[in-house]
file run.pdb (PDB, C-alpha atoms)
ATOM      1  CA  MET A   1       0.000   0.000   0.000
ATOM      2  CA  VAL A   2       1.219   3.516  -0.753
ATOM      3  CA  ALA A   3       1.430   6.312   1.812
ATOM      4  CA  LEU A   4      -0.454   9.548   1.067
ATOM      5  CA  THR A   5       0.258  12.750   2.993
ATOM      6  CA  LEU A   6      -1.194  16.248   2.636
ATOM      7  CA  SER A   7       0.406  19.439   3.895
ATOM      8  CA  PRO A   8       0.146  23.160   3.118
ATOM      9  CA  TRP A   9       1.638  24.129  -0.243
ATOM     10  CA  HIS A  10       4.887  26.093   0.036
ATOM     11  CA  GLY A  11       6.950  27.605  -2.696
ATOM     12  CA  LYS A  12       6.159  28.549  -6.251
ATOM     13  CA  ASN A  13       2.727  27.597  -7.559
ATOM     14  CA  LEU A  14       2.752  25.190 -10.473
ATOM     15  CA  PRO A  15       1.800  26.792 -13.797
ATOM     16  CA  THR A  16      -0.943  24.215 -14.364
ATOM     17  CA  VAL A  17      -3.078  25.154 -11.329
ATOM     18  CA  SER A  18      -5.891  27.682 -11.507
ATOM     19  CA  GLY A  19      -5.010  31.097 -10.065
ATOM     20  CA  GLU A  20      -7.635  30.993  -7.315
ATOM     21  CA  ALA A  21      -7.389  27.669  -5.534
ATOM     22  CA  TYR A  22      -6.817  26.236  -2.101
ATOM     23  CA  ARG A  23      -3.441  24.549  -2.554
ATOM     24  CA  TYR A  24      -1.906  21.581  -0.781
ATOM     25  CA  GLU A  25       1.127  19.413  -1.303
ATOM     26  CA  LEU A  26       0.236  15.766  -1.822
ATOM     27  CA  ARG A  27       3.092  13.318  -1.383
ATOM     28  CA  VAL A  28       2.759   9.761  -2.601
ATOM     29  CA  ALA A  29       5.252   7.097  -1.526
ATOM     30  CA  GLY A  30       5.188   3.492  -2.700
ATOM     31  CA  ARG A  31       7.064   0.947  -4.793
ATOM     32  CA  ALA A  32       9.024   1.881  -7.909
ATOM     33  CA  ASN A  33       6.834   1.818 -11.034
ATOM     34  CA  GLU A  34       3.670   1.201  -8.999
ATOM     35  CA  ARG A  35       0.496   2.217 -10.842
ATOM     36  CA  LEU A  36      -2.110   4.054  -8.848
ATOM     37  CA  THR A  37      -5.300   6.015  -9.370
ATOM     38  CA  LEU A  38      -6.084   8.774  -6.870
ATOM     39  CA  SER A  39      -9.547  10.241  -6.495
ATOM     40  CA  ALA A  40     -11.016  13.098  -4.460
ATOM     41  CA  GLN A  41     -14.229  12.474  -2.578
ATOM     42  CA  GLY A  42     -16.489  14.617  -0.411
ATOM     43  CA  LEU A  43     -16.408  17.824  -2.425
ATOM     44  CA  PRO A  44     -19.578  19.900  -2.253
ATOM     45  CA  ASN A  45     -21.374  20.863  -5.461
ATOM     46  CA  GLY A  46     -19.605  23.658  -7.307
ATOM     47  CA  TRP A  47     -16.076  22.542  -6.337
ATOM     48  CA  ILE A  48     -13.423  20.746  -8.389
ATOM     49  CA  ALA A  49     -10.329  18.977  -7.123
ATOM     50  CA  ALA A  50      -7.206  19.048  -9.296
ATOM     51  CA  PHE A  51      -4.152  16.809  -9.042
ATOM     52  CA  CYS A  52      -1.355  18.765 -10.727
ATOM     53  CA  THR A  53       2.199  18.219 -11.890
ATOM     54  CA  GLU A  54       4.472  20.640 -13.732
ATOM     55  CA  ARG A  55       2.980  19.411 -17.021
ATOM     56  CA  VAL A  56      -0.682  18.614 -16.432
ATOM     57  CA  CYS A  57      -3.661  19.039 -14.103
ATOM     58  CA  MET A  58      -6.029  16.117 -13.759
ATOM     59  CA  PRO A  59      -9.536  17.005 -12.527
ATOM     60  CA  MET A  60     -11.080  14.853  -9.786
ATOM     61  CA  GLN A  61      -8.701  11.925 -10.260
ATOM     62  CA  ALA A  62      -5.117  11.188 -11.238
ATOM     63  CA  ARG A  63      -3.533   8.125 -12.793
ATOM     64  CA  LEU A  64       0.093   7.801 -11.772
ATOM     65  CA  THR A  65       3.027   5.493 -12.299
ATOM     66  CA  LEU A  66       5.504   6.127  -9.505
ATOM     67  CA  PRO A  67       9.094   6.826 -10.620
ATOM     68  CA  ALA A  68      12.118   4.663  -9.782
ATOM     69  CA  ASP A  69      12.419   6.113  -6.262
ATOM     70  CA  GLY A  70       8.719   5.394  -5.577
ATOM     71  CA  ARG A  71       7.935   9.002  -4.685
ATOM     72  CA  GLU A  72       5.718  11.584  -6.349
ATOM     73  CA  ARG A  73       4.853  15.149  -5.347
ATOM     74  CA  LEU A  74       1.640  16.754  -6.619
ATOM     75  CA  GLU A  75      -0.064  20.049  -6.053
ATOM     76  CA  PHE A  76      -3.599  19.255  -4.910
ATOM     77  CA  GLY A  77      -5.887  22.188  -5.644
ATOM     78  CA  LEU A  78      -9.485  22.853  -4.683
ATOM     79  CA  ILE A  79     -11.215  25.245  -7.036
ATOM     80  CA  GLN A  80     -14.614  26.818  -6.417
ATOM     81  CA  GLU A  81     -16.650  27.119  -9.607
ATOM     82  CA  SER A  82     -19.947  28.344  -8.199
ATOM     83  CA  SER A  83     -20.663  31.636  -6.484
ATOM     84  CA  ARG A  84     -22.267  29.890  -3.507
ATOM     85  CA  PRO A  85     -20.533  30.587  -0.199
ATOM     86  CA  ALA A  86     -17.921  28.044   0.811
ATOM     87  CA  ARG A  87     -18.692  25.780   3.729
ATOM     88  CA  THR A  88     -16.661  23.311   5.756
ATOM     89  CA  MET A  89     -15.393  20.547   3.490
ATOM     90  CA  ARG A  90     -14.250  17.091   4.514
ATOM     91  CA  ILE A  91     -12.171  15.843   1.612
ATOM     92  CA  THR A  92     -10.806  12.319   1.281
ATOM     93  CA  ILE A  93      -8.137  11.406  -1.220
ATOM     94  CA  GLN A  94      -8.250   7.698  -1.908
ATOM     95  CA  GLY A  95      -5.811   5.522  -3.792
ATOM     96  CA  SER A  96      -6.900   2.549  -5.875
ATOM     97  CA  ASP A  97      -4.873   0.361  -3.490
ATOM     98  CA  GLY A  98      -7.031   1.430  -0.507
ATOM     99  CA  SER A  99      -4.704   4.131   0.825
ATOM    100  CA  THR A 100      -6.367   7.333   2.076
ATOM    101  CA  THR A 101      -5.628  10.727   3.517
ATOM    102  CA  ARG A 102      -8.153  13.286   4.723
ATOM    103  CA  ILE A 103      -8.342  17.002   5.227
ATOM    104  CA  VAL A 104     -10.961  19.310   6.724
ATOM    105  CA  ILE A 105     -11.123  22.782   5.172
ATOM    106  CA  ARG A 106     -13.072  25.643   6.687
ATOM    107  CA  PRO A 107     -12.948  28.345   4.018
ATOM    108  CA  GLN A 108     -12.960  31.762   5.669
ATOM    109  CA  HIS A 109     -11.115  33.770   3.083
ATOM    110  CA  THR A 110     -10.289  33.897  -0.600
ATOM    111  CA  PRO A 111      -8.025  31.072  -1.768
ATOM    112  CA  HIS A 112      -4.393  32.028  -2.165
ATOM    113  CA  PRO A 113      -3.409  32.606  -5.777
TER     114      PRO A 113
END
call {"tool": "encode", "arguments": {"input": "run.pdb", "output": "structure tokens"}}
result
Amino acid sequence: MVALTLSPWHGKNLPTVSGEAYRYELRVAGRANERLTLSAQGLPNGWIAAFCTERVCMPMQARLTLPADGRERLEFGLIQESSRPARTMRITIQGSDGSTTRIVIRPQHTPHP
């Protein structure tokens, strides 16, 4: 089973992520060349989750093949598409191998660009 960890995003934003998003660093650790699908669950209507690398953003789910060192770093973004006020979100990221990580977000301000 892979290990999934979420933490606040630090550093330069990836060019593939929308300007206004809640941003988190998602680290994936597993076996070399392991194939995995990640999905985001628990988003309220009007929100999109994006799993982003330097080259591509994948909405709502990501298909990965881990590199030789078995580690991948993604920018996980939450983007509000509707004008409805944000409410507390309980988001679960689940791997196709059964791995999970969770985060609770209480939006109180504009996402950081």
call {"tool": "closest_residue", "arguments": {"input": "run.pdb", "among": "A:Arg63, A:Arg73, A:Arg90, A:Arg55", "to": "Leu6 (chain A)", "atoms": "all atoms listed in the file"}}
result
A:Arg73
call {"tool": "resolve_selection", "arguments": {"input": "run.pdb", "expression": "the PyMOL selection byres ((chain A and resi 89) around 8)", "output": "PyMOL selection string"}}
result
chain A and resi 42-44+87-88+90-91+104-106
call {"tool": "residues_around", "arguments": {"input": "run.pdb", "residues": "Ala29 (chain A)", "least_positions_apart": "2", "cutoff": "6 Å", "atoms": "only C-alpha atoms", "output": "number ranges by chain"}}
result
A: 2-3, 70-71
call {"tool": "residues_around", "arguments": {"input": "run.pdb", "residues": "Phe51 (chain A)", "least_positions_apart": "5", "cutoff": "10 Å", "atoms": "only C-alpha atoms", "output": "ChimeraX atom specification"}}
result
/A:16-17,24-26,38-40,56-63,73-78
call {"tool": "write_last_selection", "arguments": {"input": "run.pdb", "atoms": "C-alpha atoms", "output": "PDB file, in the frame of the given file"}}
result
ATOM      1  CA  THR A  16      -0.943  24.215 -14.364  1.00  0.00           C
ATOM      2  CA  VAL A  17      -3.078  25.154 -11.329  1.00  0.00           C
ATOM      3  CA  TYR A  24      -1.906  21.581  -0.781  1.00  0.00           C
ATOM      4  CA  GLU A  25       1.127  19.413  -1.303  1.00  0.00           C
ATOM      5  CA  LEU A  26       0.236  15.766  -1.822  1.00  0.00           C
ATOM      6  CA  LEU A  38      -6.084   8.774  -6.870  1.00  0.00           C
ATOM      7  CA  SER A  39      -9.547  10.241  -6.495  1.00  0.00           C
ATOM      8  CA  ALA A  40     -11.016  13.098  -4.460  1.00  0.00           C
ATOM      9  CA  VAL A  56      -0.682  18.614 -16.432  1.00  0.00           C
ATOM     10  CA  CYS A  57      -3.661  19.039 -14.103  1.00  0.00           C
ATOM     11  CA  MET A  58      -6.029  16.117 -13.759  1.00  0.00           C
ATOM     12  CA  PRO A  59      -9.536  17.005 -12.527  1.00  0.00           C
ATOM     13  CA  MET A  60     -11.080  14.853  -9.786  1.00  0.00           C
ATOM     14  CA  GLN A  61      -8.701  11.925 -10.260  1.00  0.00           C
ATOM     15  CA  ALA A  62      -5.117  11.188 -11.238  1.00  0.00           C
ATOM     16  CA  ARG A  63      -3.533   8.125 -12.793  1.00  0.00           C
ATOM     17  CA  ARG A  73       4.853  15.149  -5.347  1.00  0.00           C
ATOM     18  CA  LEU A  74       1.640  16.754  -6.619  1.00  0.00           C
ATOM     19  CA  GLU A  75      -0.064  20.049  -6.053  1.00  0.00           C
ATOM     20  CA  PHE A  76      -3.599  19.255  -4.910  1.00  0.00           C
ATOM     21  CA  GLY A  77      -5.887  22.188  -5.644  1.00  0.00           C
ATOM     22  CA  LEU A  78      -9.485  22.853  -4.683  1.00  0.00           C
TER      23      LEU A  78
END
call {"tool": "closest_residue", "arguments": {"input": "run.pdb", "among": "A:Gln80, A:Trp47, A:Glu34, A:Thr101", "to": "Ser7 (chain A)", "atoms": "all atoms listed in the file"}}
result
A:Thr101
call {"tool": "atom_distance", "arguments": {"input": "run.pdb", "atom1": "CA of Ser83 (chain A)", "atom2": "CA of Tyr22 (chain A)"}}
result
15.5 Å
call {"tool": "residues_near_point", "arguments": {"input": "run.pdb", "point": "(-5.5, 11.8, 4.1)", "cutoff": "6 Å", "atoms": "all atoms listed in the file", "output": "ChimeraX atom specification"}}
result
/A:5,93,100-102
call {"tool": "write_last_selection", "arguments": {"input": "run.pdb", "atoms": "C-alpha atoms", "output": "PDB file, in the frame of the given file"}}
result
ATOM      1  CA  THR A   5       0.258  12.750   2.993  1.00  0.00           C
ATOM      2  CA  ILE A  93      -8.137  11.406  -1.220  1.00  0.00           C
ATOM      3  CA  THR A 100      -6.367   7.333   2.076  1.00  0.00           C
ATOM      4  CA  THR A 101      -5.628  10.727   3.517  1.00  0.00           C
ATOM      5  CA  ARG A 102      -8.153  13.286   4.723  1.00  0.00           C
TER       6      ARG A 102
END
call {"tool": "closest_residue", "arguments": {"input": "run.pdb", "among": "A:Thr92, A:Asp69, A:Pro107, A:Met1", "to": "Ala49 (chain A)", "atoms": "all atoms listed in the file"}}
result
A:Thr92
call {"tool": "atom_distance", "arguments": {"input": "run.pdb", "atom1": "CA of Gly98 (chain A)", "atom2": "CA of Trp9 (chain A)"}}
result
24.3 Å
call {"tool": "atom_distance", "arguments": {"input": "run.pdb", "atom1": "CA of Ile103 (chain A)", "atom2": "CA of Glu81 (chain A)"}}
result
19.8 Å
call {"tool": "build_atoms", "arguments": {"input": "run.pdb", "residues": "region 33-53 of chain A", "atoms": "N, CA and C atoms", "output": "PDB file, in the frame of the given file"}}
result
ATOM      1  N   ASN A  33       7.682   2.177  -9.887  1.00  0.00           N
ATOM      2  CA  ASN A  33       6.834   1.818 -11.034  1.00  0.00           C
ATOM      3  C   ASN A  33       5.438   1.345 -10.656  1.00  0.00           C
ATOM      4  N   GLU A  34       5.019   1.586  -9.417  1.00  0.00           N
ATOM      5  CA  GLU A  34       3.670   1.201  -8.999  1.00  0.00           C
ATOM      6  C   GLU A  34       2.651   2.083  -9.703  1.00  0.00           C
ATOM      7  N   ARG A  35       1.579   1.474 -10.198  1.00  0.00           N
ATOM      8  CA  ARG A  35       0.496   2.217 -10.842  1.00  0.00           C
ATOM      9  C   ARG A  35      -0.605   2.453  -9.821  1.00  0.00           C
ATOM     10  N   LEU A  36      -1.162   3.647  -9.869  1.00  0.00           N
ATOM     11  CA  LEU A  36      -2.110   4.054  -8.848  1.00  0.00           C
ATOM     12  C   LEU A  36      -3.079   5.074  -9.435  1.00  0.00           C
ATOM     13  N   THR A  37      -4.321   4.983  -9.044  1.00  0.00           N
ATOM     14  CA  THR A  37      -5.300   6.015  -9.370  1.00  0.00           C
ATOM     15  C   THR A  37      -5.706   6.673  -8.064  1.00  0.00           C
ATOM     16  N   LEU A  38      -5.657   7.998  -8.026  1.00  0.00           N
ATOM     17  CA  LEU A  38      -6.084   8.774  -6.870  1.00  0.00           C
ATOM     18  C   LEU A  38      -7.387   9.470  -7.213  1.00  0.00           C
ATOM     19  N   SER A  39      -8.297   9.517  -6.265  1.00  0.00           N
ATOM     20  CA  SER A  39      -9.547  10.241  -6.495  1.00  0.00           C
ATOM     21  C   SER A  39      -9.875  11.094  -5.276  1.00  0.00           C
ATOM     22  N   ALA A  40     -10.582  12.190  -5.526  1.00  0.00           N
ATOM     23  CA  ALA A  40     -11.016  13.098  -4.460  1.00  0.00           C
ATOM     24  C   ALA A  40     -12.491  12.874  -4.205  1.00  0.00           C
ATOM     25  N   GLN A  41     -12.845  12.722  -2.946  1.00  0.00           N
ATOM     26  CA  GLN A  41     -14.229  12.474  -2.578  1.00  0.00           C
ATOM     27  C   GLN A  41     -14.647  13.449  -1.492  1.00  0.00           C
ATOM     28  N   GLY A  42     -15.940  13.760  -1.454  1.00  0.00           N
ATOM     29  CA  GLY A  42     -16.489  14.617  -0.411  1.00  0.00           C
ATOM     30  C   GLY A  42     -16.587  16.084  -0.780  1.00  0.00           C
ATOM     31  N   LEU A  43     -16.308  16.424  -2.026  1.00  0.00           N
ATOM     32  CA  LEU A  43     -16.408  17.824  -2.425  1.00  0.00           C
ATOM     33  C   LEU A  43     -17.866  18.235  -2.559  1.00  0.00           C
ATOM     34  N   PRO A  44     -18.211  19.424  -2.057  1.00  0.00           N
ATOM     35  CA  PRO A  44     -19.578  19.900  -2.253  1.00  0.00           C
ATOM     36  C   PRO A  44     -19.791  20.294  -3.720  1.00  0.00           C
ATOM     37  N   ASN A  45     -21.057  20.411  -4.105  1.00  0.00           N
ATOM     38  CA  ASN A  45     -21.374  20.863  -5.461  1.00  0.00           C
ATOM     39  C   ASN A  45     -20.712  22.207  -5.717  1.00  0.00           C
ATOM     40  N   GLY A  46     -20.232  22.396  -6.937  1.00  0.00           N
ATOM     41  CA  GLY A  46     -19.605  23.658  -7.307  1.00  0.00           C
ATOM     42  C   GLY A  46     -18.116  23.707  -7.042  1.00  0.00           C
ATOM     43  N   TRP A  47     -17.514  22.596  -6.599  1.00  0.00           N
ATOM     44  CA  TRP A  47     -16.076  22.542  -6.337  1.00  0.00           C
ATOM     45  C   TRP A  47     -15.442  21.455  -7.195  1.00  0.00           C
ATOM     46  N   ILE A  48     -14.201  21.706  -7.614  1.00  0.00           N
ATOM     47  CA  ILE A  48     -13.423  20.746  -8.389  1.00  0.00           C
ATOM     48  C   ILE A  48     -12.091  20.541  -7.678  1.00  0.00           C
ATOM     49  N   ALA A  49     -11.664  19.298  -7.627  1.00  0.00           N
ATOM     50  CA  ALA A  49     -10.329  18.977  -7.123  1.00  0.00           C
ATOM     51  C   ALA A  49      -9.420  18.768  -8.332  1.00  0.00           C
ATOM     52  N   ALA A  50      -8.166  19.215  -8.211  1.00  0.00           N
ATOM     53  CA  ALA A  50      -7.206  19.048  -9.296  1.00  0.00           C
ATOM     54  C   ALA A  50      -5.908  18.477  -8.736  1.00  0.00           C
ATOM     55  N   PHE A  51      -5.436  17.418  -9.374  1.00  0.00           N
ATOM     56  CA  PHE A  51      -4.152  16.809  -9.042  1.00  0.00           C
ATOM     57  C   PHE A  51      -3.180  17.289 -10.115  1.00  0.00           C
ATOM     58  N   CYS A  52      -2.176  18.091  -9.724  1.00  0.00           N
ATOM     59  CA  CYS A  52      -1.355  18.765 -10.727  1.00  0.00           C
ATOM     60  C   CYS A  52       0.130  18.446 -10.602  1.00  0.00           C
ATOM     61  N   THR A  53       0.752  18.320 -11.775  1.00  0.00           N
ATOM     62  CA  THR A  53       2.199  18.219 -11.890  1.00  0.00           C
ATOM     63  C   THR A  53       2.665  19.465 -12.644  1.00  0.00           C
TER      64      THR A  53
END
